[in-house]
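Below: the structure, in structure tokens.
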Amino acid sequence: MAEENKMNADVVIIGAGMAGAHLARSLREKGIDVLILEAGDRRPRGDFLKVFYENPVKGPQAPYPSIPSAPHPEDNGYADFYVQDKDTLKENLFIGAYLRIFGGTTWHWTGFADRLRPADFRMKSLYGVAEDWPIDYELLEPFYEVAEKRWGVAGDPNHVWGAPRKTPYQMPPIPETYLDIQVTKALTKMGLHSAIFSHARNSVIYDNRPVCCGNNTCVPICPIGAKYDASVDAQKAEEEGARVEVNALVTFMEVDQNQKITRVKVQKPDGSTFWVGGKAFALCGHAIENPRLLLNSKQETASKGVANSSDSVGRYLLTQANQDTTGFTPDPVFPYRGPQQTSGLVERRDGEFRSKMAAIGTSFMNNGWSGNSDAINMAHDLIDQGVIGAELSKQINEKVSHHLRLNSSAEVLPDRNNRLELSDQMDTAGIPKPKITFKMDDYTKEGLKVGLDINLEVFKNMGATEVKHNDPYLSNAIIGGTTRMGIDVKTSVVNADLVAHDHDNLYIIGSSSHVTTPVNAPSLTIAALAIRAAGHMEKKLAQTP
């Protein structure tokens with residue numbers, strides 16, 4: 001006799017990050033019974049801050065320890081978390097960073113709040129590369145508006161980053177920094193332009209959250225909560241009546257003879273397990289964990305894994321590629337004042353050139369050469385030279401004030417051979433580790449070459465010395481694909497409504513459903529698609545006995 005379900009809900013949401021939070025809130029606003037299962041823990045901001053302050057590593061994962069019952073990558077452990085062919089990696093090392101906690105990866109996102117451009121949905125039609133999305137900008141625009149109102153977006157009404165608007169931003173823009181102004185002067189000599197980014201970061205008090213005070217640790221954590229994160233909407237969903245179960249790792253999805261998802265198996269930190277049933281299920285666990293769970297759920301009624309009759313689950317893995325240029329400016333530019341990124345290059349984000357090379361998004365990095373580690377690295381170097389005491393502090397302040405870094409990110413084309421599979425190695429929760437196969441394409445490299453040329457010219461115009469650049473590398477901030485949406489059931493996993501082709505009561509929501517990863521950030525699109533999916537789910541549930 002089958003084990004009885006411990007919990008049941010009309011909608012079971014797996015993951016309390018950006019997608020899960022917005023879906024849950026939208027469903028609860030419609031009065032629908034919701035249960036959120038979050039693999040990770042739920043802790044107050046102060047706990048994460050304490051860990052960050054004490055951690056000598058200052059990367060994006062630093063405040064958020066990986067726990068054995070729900071492991072995620074650690075800053076010095078990407079090569080251990082992801083199984084990859086280390087002999088052929090080089091520029092193709094996959095280092096996707098994500099979190100398994102209440103609020104998800106938005107705890108350490110930059111806070112970019114840009115919509116995708118209309119052209120981003122039509123790459124194949126317009127430029128003959130990549131794939132078209134099965135939806136367009138006009139369809140998604142009203143849901144962008146809802147998401148922006150929930151977040152609170154500070155933006156410049158005079159520059160909307162290629163995405164036309166019918167409604168204003170909720171807040172005036174975050175001011176550009178002194179560093180931004182100096183870079184803009186150099187760009188002007190080149191006939192190029194800069195603009196202020198739109199941010200989910202308060203420039204005035206919004207939704208009872210404080211104004212940004214420029215701590216400059218946006219990645220990995222905003223100490224005061226001025227930057228939006230999805231725990232805000234997850235908590236509002238809970239206040240509206242959603243049930244939340246943390247430390248609840250979903251390890252298996254059960255499929256019946258009618259190809260319906262009937263229930264999911266949950267594992268607790270002590271190793272105990274139980275089942276949760278529902279009428280509809282929403283997989284909102286990011287672009288790594290979504291396919292990982294589906295592939296780990298092979299059974300007689302789903303021999304290749306759940307939602308995988310097309311053998312597309314885990315395929316079309318997406319990210320972006322980055323390249324940094326650093327230099328020492330003759331006059332101080334005073335980084336570390338304000339958020340980490342406030343302005344960027346306007347050009348090269350869209351145009352006919354995308355038929356031949358990638359679009360690039362260049363940001364003026366306001367956090368020195370190496371982010372949160374600049375002062376620490378320099379202190380070690382100076383101490384080794386015998387510099388101590390007040391002189392040490394003086395030299396650090398003087399040198400760091402001249403540090404400038406420009407970062408260019410380029411889109412990567414979808415490729416069926418770029419993929420995630422289950423390895424034969426187990427993680428600490430007893431689940432097969434993700435095995436990654438990825439190769440950066442020439443299309444992306446050509447785009448980055450143009451970005452590098454522009455960046456080098458900027459440094460030249462500023463009279464910078466010690467100018468260096470690294471080789472292209474895969475982004476740790478952007479992960480997409482792996483359960484992409486599409487019309488063709490042979491090359492996609494979900495339809496335009498994010499319903500699995502194979503199972504009509506399974507929704508797969510988040511960046512894993514994205515078809516491309518253009519340079520405008522994916523986060524707002526994740527939220528908008530989740531809000532849209534809630535409306536579709538409501539209608540479907542009304543027809544379900």
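Chain labels run A, B, ... following the order of the structure tokens; each chain numbers its residues from 1, and ligands are numbered from 1 in the order shown.
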Any chance you could tabulate, as JSON lines, the residues of stretch 374-455 of chain A at most 12 Å from stretch 188-211 of chain A with each one's nearest atom pair and distance in Å to one decimal, using only C-alpha atoms, in chain and rising number order?
```
{"residue": "A:Asp453", "atom": "CA", "partner": "A:Met190", "partner_atom": "CA", "distance": 11.7}
{"residue": "A:Ile454", "atom": "CA", "partner": "A:Met190", "partner_atom": "CA", "distance": 8.9}
{"residue": "A:Asn455", "atom": "CA", "partner": "A:Met190", "partner_atom": "CA", "distance": 11.0}
```
Could you please take those selected residues and save C-alpha atoms as a PDB file, in the first residue's frame?
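What ended up in out.pdb:
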```
ATOM      1  CA  ASP A 453      38.325  47.394 -27.912  1.00  0.00           C
ATOM      2  CA  ILE A 454      35.875  49.970 -26.561  1.00  0.00           C
ATOM      3  CA  ASN A 455      37.043  49.452 -22.992  1.00  0.00           C
TER       4      ASN A 455
END
```
Show me, as a short mmCIF file (atom, residue, chain, number, x, y, z; two decimals) with N, CA and C atoms, in the first residue's frame, the residues that have an atom within 12 Å of A:Val153 when counting only C-alpha atoms, minus same-chain residues fewer than 3 positions from it.
```cif
data_model
loop_
_atom_site.label_atom_id
_atom_site.label_comp_id
_atom_site.auth_asym_id
_atom_site.auth_seq_id
_atom_site.Cartn_x
_atom_site.Cartn_y
_atom_site.Cartn_z
N GLY A 111 20.56 43.59 -8.62
CA GLY A 111 19.39 44.44 -8.49
C GLY A 111 18.94 45.07 -9.79
N PHE A 112 19.52 44.61 -10.92
CA PHE A 112 19.09 45.15 -12.22
C PHE A 112 17.61 44.87 -12.44
N ALA A 113 16.90 45.89 -12.91
CA ALA A 113 15.45 45.76 -13.08
C ALA A 113 15.05 46.15 -14.50
N ASP A 114 15.75 45.61 -15.47
CA ASP A 114 15.42 45.94 -16.86
C ASP A 114 14.57 44.84 -17.50
N ARG A 115 13.67 45.28 -18.35
CA ARG A 115 12.88 44.35 -19.16
C ARG A 115 13.73 43.88 -20.33
N TYR A 144 5.12 42.73 -16.68
CA TYR A 144 6.29 43.52 -16.27
C TYR A 144 5.84 44.64 -15.32
N GLU A 145 4.75 45.28 -15.66
CA GLU A 145 4.26 46.40 -14.85
C GLU A 145 3.90 45.96 -13.44
N VAL A 146 3.25 44.81 -13.32
CA VAL A 146 2.89 44.30 -11.99
C VAL A 146 4.15 43.99 -11.19
N ALA A 147 5.11 43.33 -11.82
CA ALA A 147 6.35 42.97 -11.12
C ALA A 147 7.09 44.22 -10.66
N GLU A 148 7.16 45.22 -11.52
CA GLU A 148 7.87 46.45 -11.16
C GLU A 148 7.21 47.14 -9.97
N LYS A 149 5.90 47.14 -9.94
CA LYS A 149 5.19 47.77 -8.82
C LYS A 149 5.48 47.03 -7.52
N ARG A 150 5.58 45.71 -7.59
CA ARG A 150 5.91 44.93 -6.38
C ARG A 150 7.33 45.23 -5.91
N ASP A 156 15.61 55.92 -14.82
CA ASP A 156 15.66 57.19 -15.54
C ASP A 156 14.59 57.19 -16.62
N PRO A 157 13.58 58.04 -16.55
CA PRO A 157 12.53 58.04 -17.57
C PRO A 157 13.03 58.42 -18.95
N VAL A 160 15.22 54.00 -21.18
CA VAL A 160 14.53 52.78 -20.71
C VAL A 160 15.20 51.51 -21.23
N THR A 167 4.01 52.94 -18.47
CA THR A 167 3.90 53.42 -17.09
C THR A 167 5.26 53.91 -16.61
N PRO A 168 5.28 54.89 -15.70
CA PRO A 168 6.56 55.41 -15.21
C PRO A 168 7.20 54.47 -14.20
N TYR A 169 8.49 54.68 -13.99
CA TYR A 169 9.17 53.99 -12.89
C TYR A 169 8.57 54.45 -11.56
N GLN A 170 8.66 53.60 -10.55
CA GLN A 170 8.10 53.94 -9.24
C GLN A 170 8.93 55.00 -8.51
N MET A 171 10.22 55.07 -8.84
CA MET A 171 11.11 55.97 -8.11
C MET A 171 12.07 56.66 -9.07
N PRO A 172 12.58 57.82 -8.69
CA PRO A 172 13.63 58.45 -9.50
C PRO A 172 14.87 57.58 -9.51
N PRO A 173 15.77 57.80 -10.47
CA PRO A 173 16.94 56.92 -10.60
C PRO A 173 17.90 57.03 -9.43
N ILE A 174 18.64 55.95 -9.21
CA ILE A 174 19.80 56.01 -8.32
C ILE A 174 20.82 56.94 -8.98
N PHE A 197 21.36 52.80 -14.99
CA PHE A 197 20.58 51.56 -15.00
C PHE A 197 19.29 51.72 -14.18
N SER A 198 18.29 50.92 -14.53
CA SER A 198 17.11 50.79 -13.67
C SER A 198 17.41 49.73 -12.62
N HIS A 199 17.02 50.02 -11.38
CA HIS A 199 17.36 49.17 -10.24
C HIS A 199 16.14 48.82 -9.42
N ALA A 200 16.12 47.62 -8.86
CA ALA A 200 15.17 47.28 -7.80
C ALA A 200 15.84 47.63 -6.47
N ARG A 201 16.11 48.92 -6.34
CA ARG A 201 16.87 49.44 -5.20
C ARG A 201 16.29 50.81 -4.88
N ASN A 202 15.98 51.06 -3.64
CA ASN A 202 15.23 52.25 -3.29
C ASN A 202 16.06 53.53 -3.37
N SER A 203 15.58 54.47 -4.17
CA SER A 203 16.13 55.83 -4.16
C SER A 203 15.33 56.73 -3.23
N VAL A 204 14.13 56.29 -2.88
CA VAL A 204 13.31 56.89 -1.83
C VAL A 204 12.70 55.73 -1.04
N ILE A 205 12.11 56.00 0.10
CA ILE A 205 11.47 54.93 0.86
C ILE A 205 10.34 54.33 0.03
N TYR A 206 10.33 53.01 -0.08
CA TYR A 206 9.31 52.33 -0.87
C TYR A 206 8.95 51.02 -0.18
N ASP A 207 7.67 50.78 -0.05
CA ASP A 207 7.18 49.53 0.54
C ASP A 207 7.79 49.28 1.92
N ALA A 226 17.55 47.70 1.36
CA ALA A 226 17.13 48.71 0.38
C ALA A 226 16.99 48.09 -1.00
N LYS A 227 17.78 47.06 -1.26
CA LYS A 227 17.67 46.31 -2.51
C LYS A 227 16.60 45.24 -2.35
N TYR A 228 15.72 45.16 -3.32
CA TYR A 228 14.66 44.14 -3.28
C TYR A 228 15.25 42.74 -3.36
N LEU A 524 13.59 40.34 -14.00
CA LEU A 524 12.25 40.90 -14.12
C LEU A 524 11.37 40.02 -15.00
#
```
Which of A:Val313, A:Ala464, A:Ile478, A:Ala39 sits closest to A:Gln267 [using only C-alpha atoms]: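 Among the listed residues, the smallest separation from A:Gln267 belongs to A:Ala39.
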Point-to-point distance from atom CA of A:Ala16 to atom CA of A:Ala280, Å rounded to tenths: 16.4 Å
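With only C-alpha atoms as the atoms that count, the residue of A:Asn372, A:Ser423, A:Gln259, A:Ser125 with the shortest distance to A:Phe52 is A:Asn372.
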Members of stretch 367-536 of chain A assigned strand (DSSP E) by DSSP, as a ChimeraX atom specification: /A:403-411,419-426,432-437,465-469,473-474,506-508
Please produce a file of the residues just selected, as an mmCIF file, in the first residue's frame, where the atoms kept are C-alpha atoms.
```cif
data_model
loop_
_atom_site.group_PDB
_atom_site.id
_atom_site.type_symbol
_atom_site.label_atom_id
_atom_site.label_comp_id
_atom_site.auth_asym_id
_atom_site.auth_seq_id
_atom_site.Cartn_x
_atom_site.Cartn_y
_atom_site.Cartn_z
ATOM 1 C CA HIS A 403 41.055 51.668 -9.327
ATOM 2 C CA LEU A 404 38.763 51.391 -12.343
ATOM 3 C CA ARG A 405 37.156 48.315 -13.876
ATOM 4 C CA LEU A 406 34.855 47.961 -16.864
ATOM 5 C CA ASN A 407 32.965 44.703 -17.279
ATOM 6 C CA SER A 408 31.454 43.534 -20.566
ATOM 7 C CA SER A 409 28.892 40.721 -20.682
ATOM 8 C CA ALA A 410 27.877 38.990 -23.906
ATOM 9 C CA GLU A 411 24.925 36.789 -24.786
ATOM 10 C CA ARG A 419 23.669 20.728 -21.193
ATOM 11 C CA LEU A 420 23.218 19.470 -17.661
ATOM 12 C CA GLU A 421 23.039 15.751 -16.937
ATOM 13 C CA LEU A 422 23.090 13.720 -13.750
ATOM 14 C CA SER A 423 26.550 12.472 -12.862
ATOM 15 C CA ASP A 424 27.450 9.257 -11.070
ATOM 16 C CA GLN A 425 28.703 11.292 -8.093
ATOM 17 C CA MET A 426 26.374 12.069 -5.191
ATOM 18 C CA PRO A 432 23.403 12.959 -8.212
ATOM 19 C CA LYS A 433 25.610 15.987 -8.783
ATOM 20 C CA PRO A 434 25.004 18.046 -11.939
ATOM 21 C CA LYS A 435 27.331 17.171 -14.805
ATOM 22 C CA ILE A 436 27.946 20.137 -17.116
ATOM 23 C CA THR A 437 28.963 20.167 -20.761
ATOM 24 C CA THR A 465 48.183 52.994 -16.528
ATOM 25 C CA GLU A 466 48.599 49.348 -15.499
ATOM 26 C CA VAL A 467 45.803 48.500 -17.948
ATOM 27 C CA LYS A 468 45.038 44.788 -18.018
ATOM 28 C CA HIS A 469 42.276 42.504 -19.185
ATOM 29 C CA TYR A 473 34.993 33.590 -18.852
ATOM 30 C CA LEU A 474 31.509 32.272 -18.185
ATOM 31 C CA LEU A 506 3.057 20.683 -14.169
ATOM 32 C CA TYR A 507 4.356 24.232 -14.584
ATOM 33 C CA ILE A 508 8.085 24.885 -14.855
#
```
Do you know which residues are at most 8 Å from A:Ala24 counting only C-alpha atoms, after dropping those on the same chain fewer than 5 positions away, and could you put them as a tab-separated table (two decimals) with C-alpha atoms, in the first residue's frame?
```
chain	number	residue	atom	x	y	z
A	13	ILE	CA	5.26	25.29	-5.41
A	34	VAL	CA	-0.80	27.20	-1.89
A	36	ILE	CA	5.66	26.35	-0.85
A	234	ALA	CA	7.47	35.18	-0.44
A	237	ALA	CA	2.39	35.36	0.05
A	242	ALA	CA	0.37	30.54	1.74
```
Interatomic distance, atom CA of A:Asp180 to atom CA of A:Ser343 (Å, one decimal): 6.3 Å
Counting only C-alpha atoms, the option among A:Ile479, A:Val489, A:Leu37, A:Leu413 closest to A:Glu131: A:Leu413
Residues of stretch 272-425 of chain A in helix (DSSP H, G or I), written as a ChimeraX atom specification: /A:286-295,352-355,371-384,389-400
Counting only C-alpha atoms, the option among A:Leu99, A:Ala534, A:Leu49, A:Ala358 closest to A:Cys218: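 Looking only at the distances to A:Cys218, the closest residue turns out to be A:Leu49.
For the residues A:Ser69, A:Thr319, A:Ser513, A:Ser231, ranking by smallest atom-to-atom distance to A:Ala500 using only C-alpha atoms places A:Ser513 first.
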Shortest interatomic distance to A:Arg122 - which of A:Val255, A:Ile135, A:Ala379, A:Leu179, counting only C-alpha atoms: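 The answer is A:Ile135, which sits nearest to A:Arg122.
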Test item: residues at most 10 Å from A:Asp415, only C-alpha atoms, excluding those fewer than 6 positions along its chain, as an NGL selection string: :A and (130 or 315-318 or 438-441 or 481)
Computed interatomic separation between atom CA of A:Phe252 and atom CA of A:His514 (Å):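 Value for the atom CA of A:Phe252-atom CA of A:His514 distance: 23.4 Å.
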Polymer residues at most 12 Å from A:Gly463, only C-alpha atoms, same-chain spacing of 4 or more positions, as a list in words: Gln182, Val183, Ala186, Gly327, Phe328, Thr329, Pro330, Asp331, Pro332, His402, Leu404, Leu456, Glu457, Val458, Phe459 and Val467 of chain A
Who sits within 8 Å of A:Ala477, only C-alpha atoms, same chain under 2 positions skipped, as an NGL selection string: :A and (96-98 or 109 or 475 or 479)
